[in-house]
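All remarks here apply to the structure that follows.
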Amino acid sequence: MKVLVATAAVIGLLSAAPAFADEALAKKKNCMACHQVDKKVVGPSYKEVSEKYKGQADAPAMLVEKVIKGGTGVWGKVPMPPNPAVSEDEAKALVGWILSL
């Protein structure tokens with residue numbers, strides 16, 4: 001029984017690791033200065049973004065471009081500045097995490 005509980009705990013931690021890794025990446029790339037997971041700051045919360053684009057096949061590619069190049073007008077008057085410090089692979093990881101919320 002102890003082995004089963006320990007195995008379940010390890011599996012749970014491993015399955016949560018990608019979410020933590022991508023939140024850590026968002027912090028590292030200063031995304032969290034304007035966005036939070038569950039509340040609006042300067043920009044929308046990541047959960048709001050996920051909900052808005054849920055089920056849209058073109059959303060990941062469009063959002064990757066916005067992360068890198070910035071955007072305006074979708075969430076109000078405040079523009080999202082470009083973030084050239086984020087590589088395309090990092091943007092894909094961030095967008096995948098955001099859309100999974």
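Every chain in the structure tokens has a letter given in the order shown (A, B, ...), and although residue numbers restart at 1 in each chain, ligands are simply numbered from 1 in the order shown.
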So that I can check the surroundings of Trp97 of chain A, please list as a CSV table (one decimal) with C-alpha atoms, in the first residue's frame every protein, DNA and RNA residue that reaches within 7 Å of it, counting only C-alpha atoms and ignoring chain neighbours fewer than 3 positions away.
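Writing the result to around_19.csv gives the following:
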```csv
chain,number,residue,atom,x,y,z
A,19,ALA,CA,2.8,23.6,-15.7
A,22,ASP,CA,6.0,27.1,-18.0
A,93,ALA,CA,5.7,26.4,-24.6
A,94,LEU,CA,4.1,29.5,-23.0
A,100,SER,CA,-4.1,24.3,-21.1
A,101,LEU,CA,-5.4,26.4,-18.2
```
Open item on the list: Could you list, as a list of chain:residue names, every residue within 10 Å of Val64 of chain A, counting only C-alpha atoms and ignoring same-chain residues fewer than 4 positions away?
Closed with: A:Ala59, A:Pro60, A:Ile68, A:Lys69, A:Gly70, A:Val86, A:Ser87, A:Glu88, A:Asp89, A:Glu90, A:Ala91, A:Lys92, A:Ala93, A:Leu94, A:Val95, A:Gly96
Task: Using only C-alpha atoms: which of A:Ala21, A:Ala61, A:Cys31, A:Ile98 has the shortest distance to Met80 of chain A - done: A:Cys31
